[in-house]
Structures are given as structure tokens and as C-alpha cells.
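Student: Handing you a structure now.
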Amino acid sequence: MEFLGIDFSCAFGSLLNGKFPDKDCLLPLISKLLGYCIVAASTTVKVPQIMKILRHRSVRGLSVVAFELEAVGYTIALAYCLHKGLPFSAYGELAFLLIQAIILVAIIYYFSQPVPTVTWIRPLLYCAVAPTILGGQIDPILFEALYASQHAVFLFARIPQIWKNFSNKSTGELSFLTCFLNFAGSLVRVFTSMQEKAPSSVVLGSTIGVITNGTILSQILLYQKQEAKKEKKEM
């Protein structure tokens with residue numbers, strides 16, 4: 001019995017025989033189900049952040065460079081997965097995350113007016129190069145090098161935001177829900193990548209996501225608690 005590439009026959013067979021499915025049967029099934037859960041959740045993961053910016057009409061405390069690099073990282077990762085012909089459950093969330101990341105960057109630009117002329121060079125360069133990368137129309141060796149660099153891209157996408165939070169002792173308009181979903185998604189991806197016996201570089205990327213997203217999440221909890229205490233004293 002198979003549905004969406006997930007084989008349920010092993011689990012159902014064990015249950016029908018009055019037995020609990022063994023580890024070798026259950027873990028791959030859980031991994032596949034979690035993979036599709038990540039894809040489903042990714043369709044709205046950045047919506048809370050988008051809505052918070054639109055509601056407050058402010059991008060206070062947000063690092064534009066962090067969000068720009070995030071879009072670049074998603075582009076590279078998505079292009080590589082498409083090029084390798086991986087199953088949709090293994091990378092589907094990247095397509096939805098990329099779309100939302102681009103929308104976020106556009107909104108940040110809009111509420112950061114006036115945007116310096118030099119800043120516009122980055123999105124123009126992205127628009128010129130991204131279609132070529134997504135189309136896989138580059139040298140295979142360069143493709144591998146780009147994919148290898150995506151971990152550094154995602155790492156440096158988080159560092160500016162982490163530093164800005166630390167410097168301001170505030171997380172500004174960062175959405176707790178979006179950051180929590182990013183953290184949870186990275187955590188689940190570590191499990192699914194290890195279960196699917198993905199290359200160590202893929203596991204490393206997810207681990208970096210757990211650490212960096214976890215750091216930002218802890219900053220939100222810490223600084224919002226401090227701000228709440230400060231507001232109580234002023235009342």
C-alpha cells in the first residue's frame with residue numbers, strides 16, 4: 001500500500017498481525033511523513049513575519065542583508081535539488097520558502113525608504129543570475145561549488161540578524177512564530193536527513209539551521225522578557 005511515495009504496507013501488515021511495527025519499518029515511515037509535514041508547514045512559515053511587518057508598518061530591528069542572503073541560499077539549495085532530481089518530499093519546502101523570502105525582502109525594501117541606489121544593485125544582480133541557476137544552466141563543477149557554499153550563505157544570513165539583536169538588546173519586529181517554525185523545521189530535517197542517509201553536507205546544513213535559528217529564538221524569548229519587565233517598572 002503506497003501513497004505519495006510512502007509505503008504503508010509494512011506498518012499496516014504488522015498492526016493487522018497484532019504486532020507493533022519494528023524500528024526498521026517505523027522510522028522510514030515517520031521520516032517520510034515528517035518530510036511532507038515540513039513541506040506543508042513551509043507554505044505559511046514566513047506569513048507571521050510578513051503580517052507583523054504589514055501590521056506595524058515597520059521593519060525595526062530587521063537586517064535586510066540577512067533576508068537577502070536567505071533568499072540566495074534558498075535559490076541555490078532549490079536549484080541543486082531540482083538538478084539532482086530528488087523527490088519532492090526531500091526539498092519541496094525550499095520552493096515555498098524562496099517565494100516567501102523574496103516577498104519579505106520586497107516588503108523590507110518598501111518600508112525602508114529611501115533605499116540607497118547601491119542597495120538596488122543586489123536585487124538586480126539576483127534577478128539576472130537566479131533564472132540561470134534555477135534552470136541548471138551552469139557548469140556542473142560550479143554547481144557543486146555553489147551547493148557547498150550554501151551552508152556558509154545560510155550561516156552568514158543569520159549572523160547579521162543575531163548581531164543586530166545583540167547590539168540593540170531587542171529583536172524588533174522579528175516574529176516569534178516564524179522563528180520557532182524555522183527552528184522546528186531545521187530540527188526535523190536533521191532527523192529526516194539522517195534517516196534518509198543523506199550526504200553529511202546536508203545534515204551539516206540542517207544542524208547549522210538548528211543552532212542559528214535556536215540562537216535567534218532564544219534572543220526573542222530573552223529580550224521580550226526584558227522588555228516586558230521594563231514596561232512593568234515604567235507603569
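Residues are referred to by chain and number: the chain letter is A, B, ... according to the order shown in the C-alpha cells, the number counts from 1 in that chain, and ligands are numbered separately from 1 in the order shown.
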Report as a list in words all protein, DNA and RNA residues lying within 10 Å of Ala95 in chain A, evaluated on only C-alpha atoms, omitting residues in the same chain fewer than 2 positions from it.
Tutor: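 Residues meeting the cut-off are Val39, Ser42, Thr43, Tyr74, Thr75, Ala77, Leu78, Ala79, Phe88, Tyr91, Gly92, Glu93, Leu97, Leu98, Ile99, Gln100 and Ala101 of chain A.
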Student: Only all heavy atoms, please: the residues just picked out, written as a CSV table (one decimal), in the first residue's frame.
Tutor:
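This went into selection_10.csv:
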```csv
chain,number,residue,atom,x,y,z
A,39,VAL,N,7.1,20.3,4.3
A,39,VAL,CA,6.7,20.9,3.1
A,39,VAL,C,5.3,21.6,3.3
A,39,VAL,O,5.2,22.8,2.8
A,39,VAL,CB,6.5,19.8,1.9
A,39,VAL,CG1,5.9,20.5,0.7
A,39,VAL,CG2,7.9,19.2,1.6
A,42,SER,N,5.8,24.7,5.4
A,42,SER,CA,6.6,25.8,4.8
A,42,SER,C,5.8,26.7,3.9
A,42,SER,O,6.2,27.8,3.6
A,42,SER,CB,7.7,25.1,3.9
A,42,SER,OG,7.1,24.5,2.8
A,43,THR,N,4.6,26.3,3.6
A,43,THR,CA,3.7,27.2,2.7
A,43,THR,C,3.3,28.5,3.5
A,43,THR,O,3.0,29.5,2.8
A,43,THR,CB,2.5,26.4,2.3
A,43,THR,OG1,1.7,26.0,3.4
A,43,THR,CG2,2.8,25.2,1.4
A,74,TYR,N,18.3,29.8,-0.4
A,74,TYR,CA,17.1,29.0,-0.8
A,74,TYR,C,17.2,28.8,-2.3
A,74,TYR,O,16.9,27.7,-2.8
A,74,TYR,CB,15.8,29.7,-0.5
A,74,TYR,CG,15.5,29.7,1.0
A,74,TYR,CD1,14.9,30.8,1.6
A,74,TYR,CD2,15.7,28.6,1.8
A,74,TYR,CE1,14.5,30.8,2.9
A,74,TYR,CE2,15.4,28.6,3.1
A,74,TYR,CZ,14.8,29.7,3.7
A,74,TYR,OH,14.5,29.7,5.0
A,75,THR,N,17.6,29.8,-3.1
A,75,THR,CA,17.8,29.6,-4.5
A,75,THR,C,18.8,28.5,-4.9
A,75,THR,O,18.5,27.7,-5.8
A,75,THR,CB,18.2,31.0,-5.2
A,75,THR,OG1,17.2,32.0,-4.8
A,75,THR,CG2,18.3,30.9,-6.7
A,77,ALA,N,20.0,26.1,-3.0
A,77,ALA,CA,19.5,24.8,-2.5
A,77,ALA,C,18.4,24.2,-3.4
A,77,ALA,O,18.5,23.0,-3.7
A,77,ALA,CB,19.0,24.9,-1.1
A,78,LEU,N,17.5,25.0,-3.8
A,78,LEU,CA,16.4,24.5,-4.6
A,78,LEU,C,16.9,24.1,-6.0
A,78,LEU,O,16.5,23.1,-6.5
A,78,LEU,CB,15.3,25.6,-4.8
A,78,LEU,CG,14.1,25.3,-5.7
A,78,LEU,CD1,13.4,24.1,-5.2
A,78,LEU,CD2,13.2,26.6,-5.8
A,79,ALA,N,17.8,24.9,-6.6
A,79,ALA,CA,18.3,24.6,-7.9
A,79,ALA,C,19.1,23.3,-7.9
A,79,ALA,O,19.0,22.5,-8.8
A,79,ALA,CB,19.3,25.8,-8.3
A,88,PHE,N,10.2,15.2,-4.3
A,88,PHE,CA,9.6,16.5,-3.8
A,88,PHE,C,9.6,16.6,-2.3
A,88,PHE,O,9.8,17.7,-1.7
A,88,PHE,CB,8.2,16.7,-4.4
A,88,PHE,CG,7.6,18.0,-4.1
A,88,PHE,CD1,8.1,19.2,-4.7
A,88,PHE,CD2,6.6,18.2,-3.1
A,88,PHE,CE1,7.6,20.4,-4.4
A,88,PHE,CE2,6.0,19.4,-2.9
A,88,PHE,CZ,6.5,20.5,-3.5
A,91,TYR,N,12.7,18.2,-0.7
A,91,TYR,CA,13.1,19.6,-0.9
A,91,TYR,C,11.9,20.6,-1.1
A,91,TYR,O,12.2,21.8,-1.2
A,91,TYR,CB,14.1,19.7,-2.1
A,91,TYR,CG,13.4,19.5,-3.4
A,91,TYR,CD1,12.8,20.6,-4.1
A,91,TYR,CD2,13.3,18.3,-4.0
A,91,TYR,CE1,12.2,20.4,-5.3
A,91,TYR,CE2,12.7,18.1,-5.2
A,91,TYR,CZ,12.1,19.1,-5.9
A,91,TYR,OH,11.5,19.0,-7.1
A,92,GLY,N,10.7,20.0,-1.2
A,92,GLY,CA,9.6,20.8,-1.5
A,92,GLY,C,9.4,22.2,-0.8
A,92,GLY,O,9.0,23.2,-1.3
A,93,GLU,N,9.9,22.1,0.5
A,93,GLU,CA,9.7,23.4,1.3
A,93,GLU,C,10.5,24.5,0.8
A,93,GLU,O,10.2,25.7,1.0
A,93,GLU,CB,10.1,23.1,2.8
A,93,GLU,CG,11.5,22.9,3.1
A,93,GLU,CD,12.0,21.5,2.9
A,93,GLU,OE1,11.3,20.7,2.4
A,93,GLU,OE2,13.2,21.3,3.4
A,97,LEU,N,9.5,28.4,0.6
A,97,LEU,CA,10.4,29.4,1.4
A,97,LEU,C,11.0,30.4,0.6
A,97,LEU,O,11.1,31.6,1.0
A,97,LEU,CB,11.4,28.6,2.2
A,97,LEU,CG,11.0,27.7,3.3
A,97,LEU,CD1,12.1,26.8,3.8
A,97,LEU,CD2,10.4,28.5,4.4
A,98,LEU,N,11.4,30.0,-0.6
A,98,LEU,CA,12.1,31.0,-1.5
A,98,LEU,C,11.1,32.1,-1.9
A,98,LEU,O,11.4,33.3,-1.9
A,98,LEU,CB,12.6,30.3,-2.8
A,98,LEU,CG,13.1,31.2,-3.9
A,98,LEU,CD1,14.3,32.1,-3.4
A,98,LEU,CD2,13.6,30.4,-5.1
A,99,ILE,N,9.8,31.7,-2.3
A,99,ILE,CA,8.8,32.7,-2.7
A,99,ILE,C,8.5,33.7,-1.5
A,99,ILE,O,8.5,34.9,-1.7
A,99,ILE,CB,7.5,32.0,-3.1
A,99,ILE,CG1,7.7,31.2,-4.4
A,99,ILE,CG2,6.4,33.0,-3.3
A,99,ILE,CD1,6.6,30.2,-4.7
A,100,GLN,N,8.4,33.1,-0.3
A,100,GLN,CA,8.1,34.0,0.8
A,100,GLN,C,9.3,34.8,1.2
A,100,GLN,O,9.1,36.0,1.6
A,100,GLN,CB,7.7,33.1,2.0
A,100,GLN,CG,6.4,32.4,1.8
A,100,GLN,CD,6.1,31.3,2.9
A,100,GLN,OE1,5.7,31.6,4.0
A,100,GLN,NE2,6.4,30.1,2.6
A,101,ALA,N,10.5,34.3,1.0
A,101,ALA,CA,11.7,35.1,1.3
A,101,ALA,C,11.8,36.3,0.4
A,101,ALA,O,12.2,37.4,0.8
A,101,ALA,CB,13.0,34.2,1.2
```
Student: Between A:Ile121, A:Ala40, A:Pro48, A:Lys197, which is the closest to Glu173 in chain A once you count only C-alpha atoms?
Tutor: A:Pro48
Student: Using only C-alpha atoms, which protein or nucleic acid residues come within 12 Å of Ile38 in chain A? Drop anything in the same chain fewer than 2 positions from it, and give the result as a ChimeraX atom specification.
Tutor: /A:31-36,40-45,88-97,181-192
Student: Name all residues at most 10 Å from range 63-65 of chain A (count only C-alpha atoms; drop same-chain ones fewer than 5 positions away) and give them as a PyMOL selection string.
Tutor: chain A and resi 70-71+104-106+108-109+112+119+122+156-165+174
Student: What does the distance between CA of His83 in chain A and CA of Phe154 in chain A come to in Å, to one decimal place?
Tutor: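 Going from CA of His83 in chain A over to CA of Phe154 in chain A covers 20.0 Å.
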Student: Counting only C-alpha atoms, which of A:Met51, A:Gln137, A:Val115, A:Trp120 gets nearest to Tyr80 in chain A?
Tutor: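 Of all the options, A:Gln137 lies closest to Tyr80 in chain A.
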Student: Using DSSP secondary structure from the backbone, list all alpha helix (DSSP H) positions within range 22-220 of chain A, as a PyMOL selection string.
Tutor: chain A and resi 23-42+47-56+64-84+88-110+121-134+140-168+176-195+200-220
Student: So that I can check the surroundings of Leu155 in chain A, please list as an MDAnalysis selection string every protein, DNA and RNA residue that reaches within 12 Å of it, counting only C-alpha atoms and ignoring chain neighbours fewer than 5 positions away.
Tutor: chainID A and resid 66:67 69:70 72:73 149:150 160:162 204:213 215
Student: Excluding same-chain residues fewer than 2 positions from Ala148 in chain A, what lies within 10 Å of it counting only C-alpha atoms, as a list in words?
Tutor: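 Here the qualifying residues turn out to be Ile76, Ala77, Leu142, Phe143, Glu144, Ala145, Leu146, Gln150, His151, Ala152, Val153, Ser201, Val202 and Gly205 of chain A.
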Student: Those residues with N, CA, C and O atoms, as a PDB file, in the first residue's frame please?
Tutor:
```pdb
ATOM      1  N   ILE A  76      19.938  28.608  -4.253  1.00  0.00           N
ATOM      2  CA  ILE A  76      20.996  27.625  -4.534  1.00  0.00           C
ATOM      3  C   ILE A  76      20.539  26.215  -4.158  1.00  0.00           C
ATOM      4  O   ILE A  76      20.700  25.270  -4.936  1.00  0.00           O
ATOM      5  N   ALA A  77      19.956  26.084  -2.974  1.00  0.00           N
ATOM      6  CA  ALA A  77      19.525  24.764  -2.492  1.00  0.00           C
ATOM      7  C   ALA A  77      18.430  24.181  -3.388  1.00  0.00           C
ATOM      8  O   ALA A  77      18.460  22.991  -3.735  1.00  0.00           O
ATOM      9  N   LEU A 142      30.800  23.996 -11.043  1.00  0.00           N
ATOM     10  CA  LEU A 142      30.405  25.245 -10.395  1.00  0.00           C
ATOM     11  C   LEU A 142      29.146  25.037  -9.559  1.00  0.00           C
ATOM     12  O   LEU A 142      29.007  25.607  -8.469  1.00  0.00           O
ATOM     13  N   PHE A 143      28.255  24.165 -10.065  1.00  0.00           N
ATOM     14  CA  PHE A 143      27.022  23.843  -9.348  1.00  0.00           C
ATOM     15  C   PHE A 143      27.342  23.212  -7.994  1.00  0.00           C
ATOM     16  O   PHE A 143      26.771  23.570  -6.954  1.00  0.00           O
ATOM     17  N   GLU A 144      28.267  22.267  -7.996  1.00  0.00           N
ATOM     18  CA  GLU A 144      28.674  21.596  -6.756  1.00  0.00           C
ATOM     19  C   GLU A 144      29.308  22.590  -5.789  1.00  0.00           C
ATOM     20  O   GLU A 144      29.078  22.529  -4.576  1.00  0.00           O
ATOM     21  N   ALA A 145      30.111  23.506  -6.353  1.00  0.00           N
ATOM     22  CA  ALA A 145      30.768  24.519  -5.519  1.00  0.00           C
ATOM     23  C   ALA A 145      29.736  25.464  -4.902  1.00  0.00           C
ATOM     24  O   ALA A 145      29.841  25.837  -3.727  1.00  0.00           O
ATOM     25  N   LEU A 146      28.717  25.831  -5.698  1.00  0.00           N
ATOM     26  CA  LEU A 146      27.655  26.706  -5.200  1.00  0.00           C
ATOM     27  C   LEU A 146      26.884  26.024  -4.067  1.00  0.00           C
ATOM     28  O   LEU A 146      26.591  26.639  -3.043  1.00  0.00           O
ATOM     29  N   GLN A 150      26.377  26.975   0.098  1.00  0.00           N
ATOM     30  CA  GLN A 150      25.087  27.404   0.645  1.00  0.00           C
ATOM     31  C   GLN A 150      25.054  27.371   2.167  1.00  0.00           C
ATOM     32  O   GLN A 150      24.373  28.171   2.796  1.00  0.00           O
ATOM     33  N   HIS A 151      25.826  26.459   2.768  1.00  0.00           N
ATOM     34  CA  HIS A 151      25.862  26.395   4.234  1.00  0.00           C
ATOM     35  C   HIS A 151      26.457  27.684   4.800  1.00  0.00           C
ATOM     36  O   HIS A 151      25.968  28.218   5.800  1.00  0.00           O
ATOM     37  N   ALA A 152      27.514  28.164   4.140  1.00  0.00           N
ATOM     38  CA  ALA A 152      28.127  29.427   4.556  1.00  0.00           C
ATOM     39  C   ALA A 152      27.151  30.583   4.335  1.00  0.00           C
ATOM     40  O   ALA A 152      27.056  31.500   5.159  1.00  0.00           O
ATOM     41  N   VAL A 153      26.395  30.514   3.221  1.00  0.00           N
ATOM     42  CA  VAL A 153      25.418  31.565   2.917  1.00  0.00           C
ATOM     43  C   VAL A 153      24.350  31.636   4.011  1.00  0.00           C
ATOM     44  O   VAL A 153      24.028  32.712   4.525  1.00  0.00           O
ATOM     45  N   SER A 201      26.952  16.670   4.199  1.00  0.00           N
ATOM     46  CA  SER A 201      26.839  18.111   3.980  1.00  0.00           C
ATOM     47  C   SER A 201      25.402  18.585   4.189  1.00  0.00           C
ATOM     48  O   SER A 201      25.161  19.696   4.671  1.00  0.00           O
ATOM     49  N   VAL A 202      24.437  17.732   3.836  1.00  0.00           N
ATOM     50  CA  VAL A 202      23.015  18.073   4.016  1.00  0.00           C
ATOM     51  C   VAL A 202      22.679  18.098   5.510  1.00  0.00           C
ATOM     52  O   VAL A 202      22.005  19.007   5.993  1.00  0.00           O
ATOM     53  N   GLY A 205      24.115  21.194   7.065  1.00  0.00           N
ATOM     54  CA  GLY A 205      23.307  22.379   6.790  1.00  0.00           C
ATOM     55  C   GLY A 205      22.123  22.492   7.736  1.00  0.00           C
ATOM     56  O   GLY A 205      21.829  23.569   8.254  1.00  0.00           O
TER      57      GLY A 205
END
```
Student: Give the answer as one residue: which of A:Gln113, A:Ser175, A:Thr132, A:Ser193 has the shortest atom-to-atom distance to His56 in chain A, using only C-alpha atoms?
Tutor: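 Residue with the minimum atom-to-atom distance to His56 in chain A: A:Ser175.
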Student: Between CA of Ser58 in chain A and CA of Pro114 in chain A, what is the distance, to one decimal in Å?
Tutor: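 For CA of Ser58 in chain A relative to CA of Pro114 in chain A, the distance reads 13.6 Å.
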